[in-house]
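Asker: The structure under discussion is supplied below as structure tokens; questions concerning it will follow.
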Amino acid sequence: MTRKIADCRKYPSVSNCSLAISGEEDEVVRAAAEHAVSVHEHTDSPELREQIRGMLEDEKVAV
């Protein structure tokens, strides 16, 4: 299974967040949603989680 990554550096924010989260897709969506709520003051909702899921990228593995 391909690991996914959510990277705050790709999206502008007031806090200039530099967090990147990687793992299996469901793990990353859950952790990124918790981060979005606690750090970026978003409201956790199915819409937020779908938006996060849509922004995930495949993690590039160095060889």
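Residues in the structure tokens are numbered from 1 in each chain, the chains being A, B, ... in the order shown, and ligands are numbered from 1 in the order shown.
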Just want the 8 Å neighbourhood of region 27-38 of chain A, counted on only C-alpha atoms, with same-chain residues fewer than 3 positions away dropped. Output as JSON, numbers by chain.
Answerer: {"A": [4, 5, 6, 21, 22, 23, 24, 41, 42, 43, 44, 48, 49, 52, 53]}
Asker: Among chain A, which residues carry a DSSP assignment of helix (DSSP H, G or I), reported as a PyMOL selection string?
Answerer: chain A and resi 8-10+25-38+46-55
Asker: Counting only C-alpha atoms, what is within 12 Å of Ser15 (chain A), bar same-chain residues fewer than 4 positions away, as a list in words?
Answerer: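 Residues near the query, excluding close chain neighbours: Cys8, Arg9, Tyr11, Leu19, Ala36, Val39, His40 and Glu41 of chain A.
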Asker: Report, in Å to a single decimal, how far apart CA of Glu59 (chain A) and CA of Asp7 (chain A) are.
Answerer: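 Spanning CA of Asp7 (chain A) to CA of Glu59 (chain A) is a straight-line distance of 10.4 Å.
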Asker: I need the residues in chain A that are strand (DSSP E) according to DSSP; give them as a list in words.
Answerer: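 So, restricting chain A to strand (DSSP E), we get Lys4, Ile5, Ala6, Asp7, Ala20, Ile21, Ser22, Gly23, Glu57 and Asp58 of chain A.
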Asker: Report, in Å with one decimal, the straight-line distance from CA of Leu56 (chain A) to CA of Met1 (chain A).
Answerer: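 Distance between the two atoms: 14.3 Å.
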Asker: Record the distance separating CA of Gln51 (chain A) and CA of Pro12 (chain A), expressed in Å with one decimal.
Answerer: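 Between CA of Gln51 (chain A) and CA of Pro12 (chain A) the gap works out to 15.4 Å.
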